[in-house]
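Peer 1: Just coords_22.cif, nothing more (mmCIF, C-alpha atoms):
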data_target
#
loop_
_atom_site.group_PDB
_atom_site.id
_atom_site.type_symbol
_atom_site.label_atom_id
_atom_site.label_comp_id
_atom_site.auth_asym_id
_atom_site.auth_seq_id
_atom_site.Cartn_x
_atom_site.Cartn_y
_atom_site.Cartn_z
ATOM 1 C CA MET A 233 19.274 7.549 21.237
ATOM 2 C CA THR A 234 19.040 11.268 20.524
ATOM 3 C CA ILE A 235 16.602 13.041 22.813
ATOM 4 C CA VAL A 236 14.710 16.001 21.377
ATOM 5 C CA THR A 237 14.523 18.843 23.900
ATOM 6 C CA PRO A 238 12.632 22.147 23.712
ATOM 7 C CA ASN A 239 15.915 23.914 22.863
ATOM 8 C CA ARG A 240 16.822 21.566 20.054
ATOM 9 C CA GLN A 241 14.899 21.191 16.825
ATOM 10 C CA PRO A 242 14.501 17.633 15.512
ATOM 11 C CA ARG A 243 16.436 16.967 12.320
ATOM 12 C CA VAL A 244 15.716 14.535 9.507
ATOM 13 C CA SER A 245 18.373 13.913 6.873
ATOM 14 C CA VAL A 246 17.257 12.578 3.522
ATOM 15 C CA ILE A 247 19.983 10.890 1.481
ATOM 16 C CA GLY A 248 18.937 11.244 -2.134
ATOM 17 C CA ALA A 249 17.134 14.406 -3.261
ATOM 18 C CA GLY A 250 15.186 12.872 -6.119
ATOM 19 C CA ARG A 251 11.427 12.769 -6.348
ATOM 20 C CA VAL A 252 10.845 10.652 -3.244
ATOM 21 C CA GLY A 253 13.422 12.492 -1.158
ATOM 22 C CA SER A 254 12.338 16.000 -2.116
ATOM 23 C CA THR A 255 8.635 15.184 -1.685
ATOM 24 C CA LEU A 256 9.362 13.699 1.737
ATOM 25 C CA ALA A 257 11.262 16.856 2.675
ATOM 26 C CA GLN A 258 8.240 18.914 1.670
ATOM 27 C CA ARG A 259 5.922 16.756 3.796
ATOM 28 C CA VAL A 260 8.174 16.983 6.869
ATOM 29 C CA LEU A 261 8.673 20.730 6.589
ATOM 30 C CA GLU A 262 5.139 21.782 5.750
ATOM 31 C CA ARG A 263 3.654 19.667 8.527
ATOM 32 C CA ASP A 264 6.066 21.402 10.921
ATOM 33 C CA LEU A 265 7.642 18.155 12.073
ATOM 34 C CA ALA A 266 11.400 18.771 11.789
ATOM 35 C CA ASP A 267 14.183 20.592 10.006
ATOM 36 C CA VAL A 268 15.426 18.703 6.949
ATOM 37 C CA VAL A 269 18.841 18.170 5.378
ATOM 38 C CA LEU A 270 18.700 17.058 1.746
ATOM 39 C CA LEU A 271 21.890 15.394 0.533
ATOM 40 C CA ASP A 272 22.653 14.385 -3.027
ATOM 41 C CA THR A 273 25.758 13.716 -5.102
ATOM 42 C CA LEU A 274 24.584 16.091 -7.858
ATOM 43 C CA ASP A 275 26.189 19.457 -7.188
ATOM 44 C CA GLY A 276 23.664 22.268 -6.915
ATOM 45 C CA TRP A 277 20.536 20.126 -7.081
ATOM 46 C CA PRO A 278 19.876 19.635 -3.326
ATOM 47 C CA GLN A 279 20.863 23.247 -2.678
ATOM 48 C CA GLY A 280 18.305 24.407 -5.221
ATOM 49 C CA VAL A 281 15.551 22.170 -3.861
ATOM 50 C CA ALA A 282 16.237 23.398 -0.318
ATOM 51 C CA LEU A 283 16.182 27.031 -1.423
ATOM 52 C CA ASP A 284 12.869 26.476 -3.186
ATOM 53 C CA LEU A 285 11.395 24.810 -0.094
ATOM 54 C CA ASN A 286 12.630 27.611 2.170
ATOM 55 C CA GLN A 287 11.060 30.222 -0.084
ATOM 56 C CA ALA A 288 7.723 28.438 0.329
ATOM 57 C CA ARG A 289 7.806 28.831 4.135
ATOM 58 C CA ALA A 290 6.021 32.177 4.229
ATOM 59 C CA LEU A 291 3.233 30.771 2.068
ATOM 60 C CA GLU A 292 2.884 27.483 3.941
ATOM 61 C CA GLY A 293 3.097 29.060 7.396
ATOM 62 C CA HIS A 294 5.830 27.067 9.102
ATOM 63 C CA SER A 295 9.252 27.934 10.503
ATOM 64 C CA ARG A 296 11.204 24.786 9.646
ATOM 65 C CA THR A 297 14.434 25.004 7.671
ATOM 66 C CA ALA A 298 15.754 22.990 4.741
ATOM 67 C CA ILE A 299 19.470 22.597 3.998
ATOM 68 C CA GLY A 300 20.752 21.271 0.693
ATOM 69 C CA THR A 301 24.220 19.771 0.578
ATOM 70 C CA ASN A 302 26.691 17.383 -1.032
ATOM 71 C CA ASP A 303 28.612 16.945 2.243
ATOM 72 C CA TYR A 304 27.642 14.374 4.877
ATOM 73 C CA ALA A 305 29.117 16.652 7.559
ATOM 74 C CA ASP A 306 26.020 18.840 7.165
ATOM 75 C CA THR A 307 23.803 15.933 8.264
ATOM 76 C CA ALA A 308 25.444 15.740 11.708
ATOM 77 C CA GLY A 309 23.094 15.456 14.660
ATOM 78 C CA SER A 310 20.228 13.889 12.733
ATOM 79 C CA ASP A 311 17.496 12.104 14.658
ATOM 80 C CA ILE A 312 16.439 10.133 11.584
ATOM 81 C CA VAL A 313 18.308 9.321 8.382
ATOM 82 C CA VAL A 314 16.172 8.306 5.407
ATOM 83 C CA ILE A 315 18.007 6.612 2.532
ATOM 84 C CA THR A 316 16.259 7.043 -0.810
ATOM 85 C CA ALA A 317 19.451 7.115 -2.912
ATOM 86 C CA GLY A 318 19.743 4.570 -5.691
ATOM 87 C CA LYS A 319 18.549 3.754 -9.160
ATOM 88 C CA PRO A 320 14.778 3.379 -9.699
ATOM 89 C CA ARG A 321 13.119 0.614 -11.631
ATOM 90 C CA LEU A 322 12.417 0.883 -15.329
ATOM 91 C CA PRO A 323 9.632 -0.915 -17.222
ATOM 92 C CA GLY A 324 10.201 -4.680 -17.276
ATOM 93 C CA MET A 325 12.506 -4.644 -14.252
ATOM 94 C CA ASP A 326 11.959 -6.498 -10.997
ATOM 95 C CA ARG A 327 13.106 -4.889 -7.739
ATOM 96 C CA ALA A 328 15.716 -7.630 -7.380
ATOM 97 C CA ASP A 329 17.291 -6.456 -10.642
ATOM 98 C CA LEU A 330 18.538 -3.396 -8.753
ATOM 99 C CA ILE A 331 20.748 -5.297 -6.300
ATOM 100 C CA GLN A 332 23.904 -4.952 -8.377
ATOM 101 C CA THR A 333 23.473 -1.184 -8.766
ATOM 102 C CA ASN A 334 22.093 -0.161 -5.399
ATOM 103 C CA ALA A 335 24.007 -2.358 -2.936
ATOM 104 C CA ALA A 336 27.140 -0.192 -2.945
ATOM 105 C CA ILE A 337 25.119 3.048 -2.961
ATOM 106 C CA VAL A 338 23.096 2.143 0.120
ATOM 107 C CA THR A 339 26.071 0.683 2.000
ATOM 108 C CA GLY A 340 28.146 3.809 1.402
ATOM 109 C CA ALA A 341 25.304 6.157 2.289
ATOM 110 C CA ALA A 342 24.501 4.321 5.518
ATOM 111 C CA LYS A 343 28.130 4.304 6.688
ATOM 112 C CA ALA A 344 28.677 7.975 5.873
ATOM 113 C CA ALA A 345 25.441 9.140 7.488
ATOM 114 C CA ILE A 346 25.875 7.209 10.733
ATOM 115 C CA ALA A 347 29.460 8.419 11.037
ATOM 116 C CA GLN A 348 27.955 11.898 11.420
ATOM 117 C CA SER A 349 24.850 10.902 13.425
ATOM 118 C CA PRO A 350 25.665 7.798 15.477
ATOM 119 C CA ASP A 351 22.448 8.047 17.490
ATOM 120 C CA ALA A 352 20.135 8.268 14.481
ATOM 121 C CA ILE A 353 17.423 5.866 13.394
ATOM 122 C CA VAL A 354 17.721 4.710 9.777
ATOM 123 C CA ILE A 355 14.786 4.214 7.408
ATOM 124 C CA VAL A 356 15.602 2.642 4.043
ATOM 125 C CA VAL A 357 13.480 3.289 0.952
ATOM 126 C CA THR A 358 15.840 2.119 -1.819
ATOM 127 C CA ASN A 359 14.866 -1.068 -3.679
ATOM 128 C CA PRO A 360 15.032 -4.004 -3.311
ATOM 129 C CA LEU A 361 13.943 -2.718 0.042
ATOM 130 C CA ASP A 362 14.190 -5.747 2.345
ATOM 131 C CA VAL A 363 17.698 -6.497 1.074
ATOM 132 C CA MET A 364 18.913 -2.891 1.197
ATOM 133 C CA THR A 365 17.650 -2.555 4.765
ATOM 134 C CA TYR A 366 19.763 -5.554 5.773
ATOM 135 C CA LEU A 367 22.817 -4.017 4.079
ATOM 136 C CA ALA A 368 22.274 -0.712 5.889
ATOM 137 C CA TRP A 369 22.042 -2.545 9.201
ATOM 138 C CA LYS A 370 25.266 -4.449 8.538
ATOM 139 C CA ALA A 371 27.063 -1.332 7.306
ATOM 140 C CA THR A 372 26.161 0.790 10.327
ATOM 141 C CA GLY A 373 26.500 -1.783 13.104
ATOM 142 C CA LEU A 374 23.415 -0.288 14.745
ATOM 143 C CA PRO A 375 21.036 -2.268 16.939
ATOM 144 C CA SER A 376 18.431 -3.834 14.659
ATOM 145 C CA SER A 377 15.675 -1.817 16.361
ATOM 146 C CA ARG A 378 17.162 1.378 14.923
ATOM 147 C CA VAL A 379 17.093 0.228 11.277
ATOM 148 C CA MET A 380 13.912 -0.414 9.284
ATOM 149 C CA GLY A 381 12.574 -0.369 5.772
ATOM 150 C CA MET A 382 9.555 1.414 4.363
ATOM 151 C CA ALA A 383 7.385 -1.069 2.513
ATOM 152 C CA GLY A 384 4.296 -2.237 4.337
ATOM 153 C CA VAL A 385 2.931 1.260 4.839
ATOM 154 C CA LEU A 386 3.042 1.831 1.088
ATOM 155 C CA ASP A 387 1.714 -1.636 0.228
ATOM 156 C CA ALA A 388 -1.137 -1.133 2.690
ATOM 157 C CA ALA A 389 -1.987 2.262 1.197
ATOM 158 C CA ARG A 390 -2.158 0.807 -2.295
ATOM 159 C CA LEU A 391 -4.346 -2.069 -1.181
ATOM 160 C CA LYS A 392 -6.622 0.290 0.774
ATOM 161 C CA THR A 393 -7.038 2.397 -2.359
ATOM 162 C CA PHE A 394 -7.972 -0.574 -4.531
ATOM 163 C CA ILE A 395 -10.428 -1.969 -1.952
ATOM 164 C CA ALA A 396 -12.091 1.415 -1.460
ATOM 165 C CA GLU A 397 -12.444 1.912 -5.214
ATOM 166 C CA LYS A 398 -13.937 -1.555 -5.673
ATOM 167 C CA LEU A 399 -16.503 -1.119 -2.910
ATOM 168 C CA GLY A 400 -17.174 2.583 -3.389
ATOM 169 C CA ALA A 401 -16.066 3.077 0.215
ATOM 170 C CA ASP A 402 -14.203 5.889 1.933
ATOM 171 C CA VAL A 403 -10.547 4.875 1.991
ATOM 172 C CA ARG A 404 -10.361 6.124 5.605
ATOM 173 C CA ASP A 405 -12.697 3.299 6.619
ATOM 174 C CA VAL A 406 -10.428 0.615 5.153
ATOM 175 C CA GLN A 407 -7.807 -1.216 7.182
ATOM 176 C CA THR A 408 -5.411 -3.778 5.752
ATOM 177 C CA SER A 409 -2.887 -6.266 7.094
ATOM 178 C CA ILE A 410 0.182 -7.240 5.070
ATOM 179 C CA LEU A 411 3.239 -9.386 5.776
ATOM 180 C CA GLY A 412 6.224 -10.516 3.730
ATOM 181 C CA ASN A 413 8.531 -8.765 1.342
ATOM 182 C CA HIS A 414 8.015 -5.685 -0.784
ATOM 183 C CA GLY A 415 7.119 -7.331 -4.062
ATOM 184 C CA GLN A 416 5.587 -10.468 -5.494
ATOM 185 C CA GLN A 417 5.781 -12.333 -2.185
ATOM 186 C CA MET A 418 3.776 -9.760 -0.295
ATOM 187 C CA ILE A 419 1.141 -11.566 1.803
ATOM 188 C CA PRO A 420 -2.102 -9.679 2.490
ATOM 189 C CA ILE A 421 -4.252 -11.373 5.137
ATOM 190 C CA ALA A 422 -7.852 -11.114 3.931
ATOM 191 C CA ARG A 423 -9.546 -11.786 7.276
ATOM 192 C CA TYR A 424 -7.538 -8.941 8.876
ATOM 193 C CA CYS A 425 -8.519 -6.509 6.101
ATOM 194 C CA THR A 426 -11.679 -4.661 7.076
ATOM 195 C CA VAL A 427 -14.033 -1.933 5.914
ATOM 196 C CA SER A 428 -15.663 -0.159 8.858
ATOM 197 C CA GLY A 429 -14.818 -3.233 10.911
ATOM 198 C CA ILE A 430 -16.348 -5.734 8.473
ATOM 199 C CA PRO A 431 -13.856 -8.395 7.315
ATOM 200 C CA LEU A 432 -13.155 -8.248 3.604
ATOM 201 C CA PRO A 433 -14.264 -11.873 2.930
ATOM 202 C CA GLU A 434 -17.779 -10.851 4.028
ATOM 203 C CA LEU A 435 -17.867 -8.104 1.406
ATOM 204 C CA LEU A 436 -16.168 -9.630 -1.644
ATOM 205 C CA ASP A 437 -15.741 -13.098 -3.097
ATOM 206 C CA GLU A 438 -12.395 -14.879 -2.988
ATOM 207 C CA ALA A 439 -11.581 -14.342 -6.674
ATOM 208 C CA THR A 440 -12.197 -10.600 -6.458
ATOM 209 C CA ILE A 441 -10.112 -10.331 -3.305
ATOM 210 C CA GLU A 442 -7.201 -12.150 -4.956
ATOM 211 C CA THR A 443 -7.432 -9.815 -7.955
ATOM 212 C CA LEU A 444 -7.118 -6.824 -5.608
ATOM 213 C CA PHE A 445 -4.211 -8.458 -3.781
ATOM 214 C CA GLU A 446 -2.401 -9.160 -7.041
ATOM 215 C CA ARG A 447 -2.834 -5.563 -8.158
ATOM 216 C CA ALA A 448 -1.327 -4.420 -4.853
ATOM 217 C CA ARG A 449 1.630 -6.773 -5.330
ATOM 218 C CA ASN A 450 2.193 -5.189 -8.732
ATOM 219 C CA GLY A 451 1.378 -1.668 -7.583
ATOM 220 C CA GLY A 452 4.888 -0.353 -8.132
ATOM 221 C CA ALA A 453 5.290 -2.026 -11.522
ATOM 222 C CA GLU A 454 1.953 -0.607 -12.678
ATOM 223 C CA LEU A 455 3.219 2.901 -11.982
ATOM 224 C CA VAL A 456 6.610 2.249 -13.569
ATOM 225 C CA ASN A 457 4.933 1.010 -16.742
ATOM 226 C CA LEU A 458 2.785 4.145 -16.878
ATOM 227 C CA MET A 459 5.574 6.616 -16.102
ATOM 228 C CA LYS A 460 8.150 4.913 -18.363
ATOM 229 C CA THR A 461 11.164 6.843 -17.015
ATOM 230 C CA GLY A 462 10.494 6.869 -13.282
ATOM 231 C CA SER A 463 8.577 5.311 -10.426
ATOM 232 C CA ALA A 464 6.168 6.278 -7.660
ATOM 233 C CA PHE A 465 7.069 9.143 -5.350
ATOM 234 C CA TYR A 466 3.998 10.804 -3.790
ATOM 235 C CA ALA A 467 2.706 7.713 -1.971
ATOM 236 C CA PRO A 468 6.195 6.472 -0.991
ATOM 237 C CA ALA A 469 7.029 9.898 0.455
ATOM 238 C CA SER A 470 3.776 9.946 2.425
ATOM 239 C CA SER A 471 4.524 6.424 3.668
ATOM 240 C CA VAL A 472 7.949 7.424 4.975
ATOM 241 C CA TYR A 473 6.460 10.549 6.535
ATOM 242 C CA LYS A 474 4.037 8.397 8.531
ATOM 243 C CA MET A 475 6.948 6.412 9.939
ATOM 244 C CA VAL A 476 9.062 9.499 10.649
ATOM 245 C CA ALA A 477 6.166 11.171 12.466
ATOM 246 C CA ALA A 478 5.470 8.076 14.574
ATOM 247 C CA ILE A 479 9.117 8.013 15.680
ATOM 248 C CA LEU A 480 9.659 11.720 16.341
ATOM 249 C CA GLN A 481 6.309 12.172 18.072
ATOM 250 C CA ASP A 482 6.787 8.883 19.957
ATOM 251 C CA ALA A 483 3.246 8.016 18.923
ATOM 252 C CA PRO A 484 1.972 4.485 19.626
ATOM 253 C CA ARG A 485 1.497 3.660 15.940
ATOM 254 C CA LEU A 486 1.306 0.090 14.715
ATOM 255 C CA VAL A 487 2.437 -0.085 11.092
ATOM 256 C CA THR A 488 3.872 -2.729 8.802
ATOM 257 C CA ALA A 489 7.569 -2.101 8.276
ATOM 258 C CA ALA A 490 10.529 -4.145 7.109
ATOM 259 C CA ALA A 491 11.877 -5.082 10.529
ATOM 260 C CA TYR A 492 14.585 -7.461 11.696
ATOM 261 C CA LEU A 493 13.115 -10.812 12.643
ATOM 262 C CA ASP A 494 14.945 -12.737 15.316
ATOM 263 C CA GLY A 495 12.634 -15.665 15.869
ATOM 264 C CA GLU A 496 9.318 -13.925 15.289
ATOM 265 C CA TYR A 497 7.140 -16.083 13.025
ATOM 266 C CA GLY A 498 9.913 -18.688 13.309
ATOM 267 C CA ILE A 499 12.182 -16.596 11.047
ATOM 268 C CA LYS A 500 15.669 -15.342 11.834
ATOM 269 C CA ASP A 501 18.237 -12.930 10.408
ATOM 270 C CA VAL A 502 16.236 -11.174 7.709
ATOM 271 C CA PHE A 503 14.382 -7.902 7.436
ATOM 272 C CA LEU A 504 10.811 -8.648 6.431
ATOM 273 C CA GLY A 505 7.478 -6.853 6.528
ATOM 274 C CA ALA A 506 5.635 -7.363 9.805
ATOM 275 C CA PRO A 507 3.383 -5.321 12.109
ATOM 276 C CA CYS A 508 5.615 -3.088 14.224
ATOM 277 C CA ARG A 509 5.105 -0.585 17.008
ATOM 278 C CA LEU A 510 7.257 2.417 16.219
ATOM 279 C CA GLY A 511 8.455 4.923 18.768
ATOM 280 C CA ARG A 512 11.358 7.131 19.773
ATOM 281 C CA GLY A 513 13.690 4.150 19.912
ATOM 282 C CA GLY A 514 12.747 2.886 16.465
ATOM 283 C CA VAL A 515 11.083 -0.521 16.221
ATOM 284 C CA MET A 516 9.842 -0.951 19.763
ATOM 285 C CA GLN A 517 8.079 -4.252 19.130
ATOM 286 C CA VAL A 518 7.375 -6.700 16.314
ATOM 287 C CA ARG A 519 3.878 -8.076 16.716
ATOM 288 C CA GLU A 520 2.991 -11.619 15.724
ATOM 289 C CA VAL A 521 -0.466 -12.426 14.364
ATOM 290 C CA ALA A 522 -2.028 -15.839 13.967
ATOM 291 C CA LEU A 523 -1.379 -17.332 10.541
ATOM 292 C CA SER A 524 -2.831 -20.305 8.714
ATOM 293 C CA ASP A 525 -0.501 -23.059 7.538
ATOM 294 C CA ARG A 526 -0.743 -21.688 4.002
ATOM 295 C CA GLU A 527 0.126 -18.148 5.118
ATOM 296 C CA ARG A 528 3.038 -19.364 7.228
ATOM 297 C CA LYS A 529 4.459 -21.307 4.294
ATOM 298 C CA ALA A 530 4.128 -18.216 2.110
ATOM 299 C CA LEU A 531 5.942 -16.146 4.724
ATOM 300 C CA ASP A 532 8.716 -18.750 4.974
ATOM 301 C CA ALA A 533 9.078 -18.649 1.185
ATOM 302 C CA ALA A 534 9.281 -14.849 1.233
ATOM 303 C CA ALA A 535 11.975 -14.974 3.903
ATOM 304 C CA ALA A 536 13.951 -17.554 1.912
ATOM 305 C CA ALA A 537 13.814 -15.387 -1.219
ATOM 306 C CA VAL A 538 15.000 -12.334 0.707
ATOM 307 C CA ARG A 539 17.773 -14.372 2.318
ATOM 308 C CA GLN A 540 19.006 -15.504 -1.091
ATOM 309 C CA ASN A 541 19.088 -11.917 -2.351
ATOM 310 C CA ILE A 542 20.867 -10.792 0.817
ATOM 311 C CA ASP A 543 23.621 -13.331 0.165
ATOM 312 C CA THR A 544 23.967 -11.976 -3.377
ATOM 313 C CA ALA A 545 24.134 -8.396 -2.103
ATOM 314 C CA LEU A 546 26.675 -9.200 0.598
ATOM 315 C CA ALA A 547 28.909 -10.781 -2.021
ATOM 316 C CA ILE A 548 28.664 -7.643 -4.146
ATOM 317 C CA VAL A 549 29.735 -5.327 -1.329
ATOM 318 C CA GLY A 550 32.304 -7.789 -0.025
ATOM 319 C CA ALA A 551 30.739 -8.155 3.395
#
Mind turning this structure into structure tokens?
Peer 2:
Amino acid sequence: MTIVTPNRQPRVSVIGAGRVGSTLAQRVLERDLADVVLLDTLDGWPQGVALDLNQARALEGHSRTAIGTNDYADTAGSDIVVITAGKPRLPGMDRADLIQTNAAIVTGAAKAAIAQSPDAIVIVVTNPLDVMTYLAWKATGLPSSRVMGMAGVLDAARLKTFIAEKLGADVRDVQTSILGNHGQQMIPIARYCTVSGIPLPELLDEATIETLFERARNGGAELVNLMKTGSAFYAPASSVYKMVAAILQDAPRLVTAAAYLDGEYGIKDVFLGAPCRLGRGGVMQVREVALSDRERKALDAAAAAVRQNIDTALAIVGA
């Protein structure tokens, strides 16, 4: 594990300088968290984004540096590697439809990045997220604690927004709990969702709660259908930033991330959304919460669906 010392600035490399990657770079730089390397295959694009971000430093009042590159050698010494590279969804597409396209992209990016930064922690953003996180883990050979996927933080943020809007509450007073995969088999736990400490079932009826949950499950598709030619980027970038900050600051944050399950919840050998304590070593602990029989069956079904897609992806990359 790379140790950040007073004489060494932390470094985050973002593979893929599209909307999510460039917005994440902006968050990391302007909140004075780390230097950022933006890597993309498009010649000139990451260099231009980095130059633009550096020119904003005097206005934003920070001293962090952005580097834009097409060469993985420039990512060497990274503390965290964030993989956003890949094709986004288009209207009518499911995340699983991206397996064929994104499997090779993520596998190649993970191998190339870790070759330059063998002590880094990897966060995967590319869809289908749970599957791509597994591929990155296999490709790098890293301990499972040092590979994770960003999903639950984003899903939780969407659900918090919808609950707050429904109740006319301050979104800062809303807490949510979500398990499962990033998609239709996401499993919000109503009794663990609260507003100022009050469980959601005491504030809304079951039908209304399920409507909010279903909107959260389709949160990404709703945005894709509105944008037509792209997908969400502000909230995903903020979600990754929260994870990056928890790791670099070694803060005792408990967030839902796509983590490797090795017996937790009775599930093995998949990456799936679960409450995790993040820290300087990556996923420091996967926490188990009490589930009803119905919730446990839903989680088993989510794991089985992810496992099936993993097998498809492994066949594509020849692993």
Peer 1: Tell me which protein, DNA and RNA residues are within 12 Å of A:Leu436, counting all atoms listed in the file, leaving out same-chain ones fewer than 6 positions away, and put them as a ChimeraX atom specification.
Peer 2: /A:395-396,398-399,422-423,425-427,430,442-444
Peer 1: Could you produce a table of the residues of stretch 284-374 of chain A lying within 10 Å of stretch 488-511 of chain A, with the nearest pair of atoms per residue and their separation in Å rounded to one decimal, using only C-alpha atoms, ordered by chain and increasing residue number, as a Markdown table?
Peer 2:
| residue | atom | partner | partner_atom | distance |
| --- | --- | --- | --- | --- |
| A:Ile355 | CA | A:Ala490 | CA | 9.4 |
| A:Val356 | CA | A:Ala490 | CA | 9.0 |
| A:Leu361 | CA | A:Ala490 | CA | 8.0 |
| A:Asp362 | CA | A:Phe503 | CA | 5.5 |
| A:Val363 | CA | A:Phe503 | CA | 7.3 |
| A:Met364 | CA | A:Phe503 | CA | 9.2 |
| A:Thr365 | CA | A:Phe503 | CA | 6.8 |
| A:Tyr366 | CA | A:Phe503 | CA | 6.1 |
| A:Leu367 | CA | A:Phe503 | CA | 9.9 |
| A:Trp369 | CA | A:Tyr492 | CA | 9.3 |
Peer 1: Spell out the residues picked by the PyMOL selection byres ((chain A and resi 476) around 10) here, as a short mmCIF file (atom, residue, chain, number, x, y, z; two decimals) with C-alpha atoms, in the frame of the given file.
Peer 2:
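Generated output (part.cif):
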data_model
loop_
_atom_site.label_atom_id
_atom_site.label_comp_id
_atom_site.auth_asym_id
_atom_site.auth_seq_id
_atom_site.Cartn_x
_atom_site.Cartn_y
_atom_site.Cartn_z
CA VAL A 244 15.72 14.54 9.51
CA LEU A 256 9.36 13.70 1.74
CA VAL A 260 8.17 16.98 6.87
CA LEU A 265 7.64 18.16 12.07
CA ALA A 266 11.40 18.77 11.79
CA ASP A 311 17.50 12.10 14.66
CA ILE A 312 16.44 10.13 11.58
CA VAL A 313 18.31 9.32 8.38
CA VAL A 314 16.17 8.31 5.41
CA ILE A 353 17.42 5.87 13.39
CA VAL A 354 17.72 4.71 9.78
CA ILE A 355 14.79 4.21 7.41
CA SER A 470 3.78 9.95 2.42
CA SER A 471 4.52 6.42 3.67
CA VAL A 472 7.95 7.42 4.97
CA TYR A 473 6.46 10.55 6.54
CA LYS A 474 4.04 8.40 8.53
CA MET A 475 6.95 6.41 9.94
CA ALA A 477 6.17 11.17 12.47
CA ALA A 478 5.47 8.08 14.57
CA ILE A 479 9.12 8.01 15.68
CA LEU A 480 9.66 11.72 16.34
CA GLN A 481 6.31 12.17 18.07
CA ASP A 482 6.79 8.88 19.96
CA LEU A 510 7.26 2.42 16.22
CA GLY A 511 8.46 4.92 18.77
CA ARG A 512 11.36 7.13 19.77
CA GLY A 514 12.75 2.89 16.46
#
Peer 1: Find the distance between atom CA of A:Pro242 and atom CA of A:Gly309 and write it in Å to one decimal.
Peer 2: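 Separation between atom CA of A:Pro242 and atom CA of A:Gly309: 8.9 Å.
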Peer 1: For atom CA of A:Ile299 and atom CA of A:Thr339, determine how far apart the two atoms are, in Å to one decimal place.
Peer 2: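 Here the two named atoms are 23.0 Å from each other.
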Peer 1: Expressed in Å to a single decimal, how great is the separation between atom CA of A:Val357 and atom CA of A:Ala317?
Peer 2: 8.1 Å
Peer 1: Rank A:Ala371, A:Val487, A:Met418, A:Ile331 by their smallest atom-to-atom distance to A:Ala545, using only C-alpha atoms, and report the top residue only.
Peer 2: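 Result for the nearest residue to A:Ala545: A:Ile331.
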Peer 1: Closest to A:Leu546 among A:Asp329, A:Ala368, A:Ala352, A:Gly384, using all atoms listed in the file?
Peer 2: A:Ala368
Peer 1: Can you work out which one of A:Pro360, A:Ser376, A:Gln287, A:Arg251 has the shortest atom-to-atom distance to A:Val538, counting all atoms listed in the file?
Peer 2: A:Pro360
Peer 1: Calculated over all atoms listed in the file, which of the candidates A:Val246, A:Met382, A:Pro278, A:Pro431 has the smallest distance to A:Asp405?
Peer 2: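 Using all atoms listed in the file, A:Asp405 sits closest to A:Pro431.
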Peer 1: Name the residues that the PyMOL selection byres ((chain A and resi 281) around 12) picks from the file above, as a PyMOL selection string, using the file's chain letters and numbers.
Peer 2: chain A and resi 248-251+253-258+268-272+274-280+282-288+297-301
Peer 1: Keeping only C-alpha atoms, write those residues as an mmCIF file, keeping the file's coordinate frame.
Peer 2:
data_model
loop_
_atom_site.group_PDB
_atom_site.id
_atom_site.type_symbol
_atom_site.label_atom_id
_atom_site.label_comp_id
_atom_site.auth_asym_id
_atom_site.auth_seq_id
_atom_site.Cartn_x
_atom_site.Cartn_y
_atom_site.Cartn_z
ATOM 1 C CA GLY A 248 18.937 11.244 -2.134
ATOM 2 C CA ALA A 249 17.134 14.406 -3.261
ATOM 3 C CA GLY A 250 15.186 12.872 -6.119
ATOM 4 C CA ARG A 251 11.427 12.769 -6.348
ATOM 5 C CA GLY A 253 13.422 12.492 -1.158
ATOM 6 C CA SER A 254 12.338 16.000 -2.116
ATOM 7 C CA THR A 255 8.635 15.184 -1.685
ATOM 8 C CA LEU A 256 9.362 13.699 1.737
ATOM 9 C CA ALA A 257 11.262 16.856 2.675
ATOM 10 C CA GLN A 258 8.240 18.914 1.670
ATOM 11 C CA VAL A 268 15.426 18.703 6.949
ATOM 12 C CA VAL A 269 18.841 18.170 5.378
ATOM 13 C CA LEU A 270 18.700 17.058 1.746
ATOM 14 C CA LEU A 271 21.890 15.394 0.533
ATOM 15 C CA ASP A 272 22.653 14.385 -3.027
ATOM 16 C CA LEU A 274 24.584 16.091 -7.858
ATOM 17 C CA ASP A 275 26.189 19.457 -7.188
ATOM 18 C CA GLY A 276 23.664 22.268 -6.915
ATOM 19 C CA TRP A 277 20.536 20.126 -7.081
ATOM 20 C CA PRO A 278 19.876 19.635 -3.326
ATOM 21 C CA GLN A 279 20.863 23.247 -2.678
ATOM 22 C CA GLY A 280 18.305 24.407 -5.221
ATOM 23 C CA ALA A 282 16.237 23.398 -0.318
ATOM 24 C CA LEU A 283 16.182 27.031 -1.423
ATOM 25 C CA ASP A 284 12.869 26.476 -3.186
ATOM 26 C CA LEU A 285 11.395 24.810 -0.094
ATOM 27 C CA ASN A 286 12.630 27.611 2.170
ATOM 28 C CA GLN A 287 11.060 30.222 -0.084
ATOM 29 C CA ALA A 288 7.723 28.438 0.329
ATOM 30 C CA THR A 297 14.434 25.004 7.671
ATOM 31 C CA ALA A 298 15.754 22.990 4.741
ATOM 32 C CA ILE A 299 19.470 22.597 3.998
ATOM 33 C CA GLY A 300 20.752 21.271 0.693
ATOM 34 C CA THR A 301 24.220 19.771 0.578
#
Peer 1: List every protein, DNA or RNA residue that has an atom no more than 12 Å from (31.1, 10.9, 8.4) in the file's coordinate frame, counting only C-alpha atoms, and report them as a list in words.
Peer 2: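 Within the cut-off we find Asp303, Tyr304, Ala305, Asp306, Thr307, Ala308, Gly309, Gly340, Ala341, Ala342, Lys343, Ala344, Ala345, Ile346, Ala347, Gln348, Ser349, Pro350 and Thr372 of chain A.
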Peer 1: Pick out the closest residue to A:Leu531 from this set: A:Gln416, A:Ala388, A:Ser295, A:Leu330. Count all atoms listed in the file.
Peer 2: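 Checking each candidate against A:Leu531, we get A:Gln416 as the closest.
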Peer 1: Find, counting all atoms listed in the file, the residue in A:Ile419, A:Asn359, A:Ser310, A:Gly293 that gets nearest to A:Arg528.
Peer 2: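 Nearest to A:Arg528: A:Ile419.
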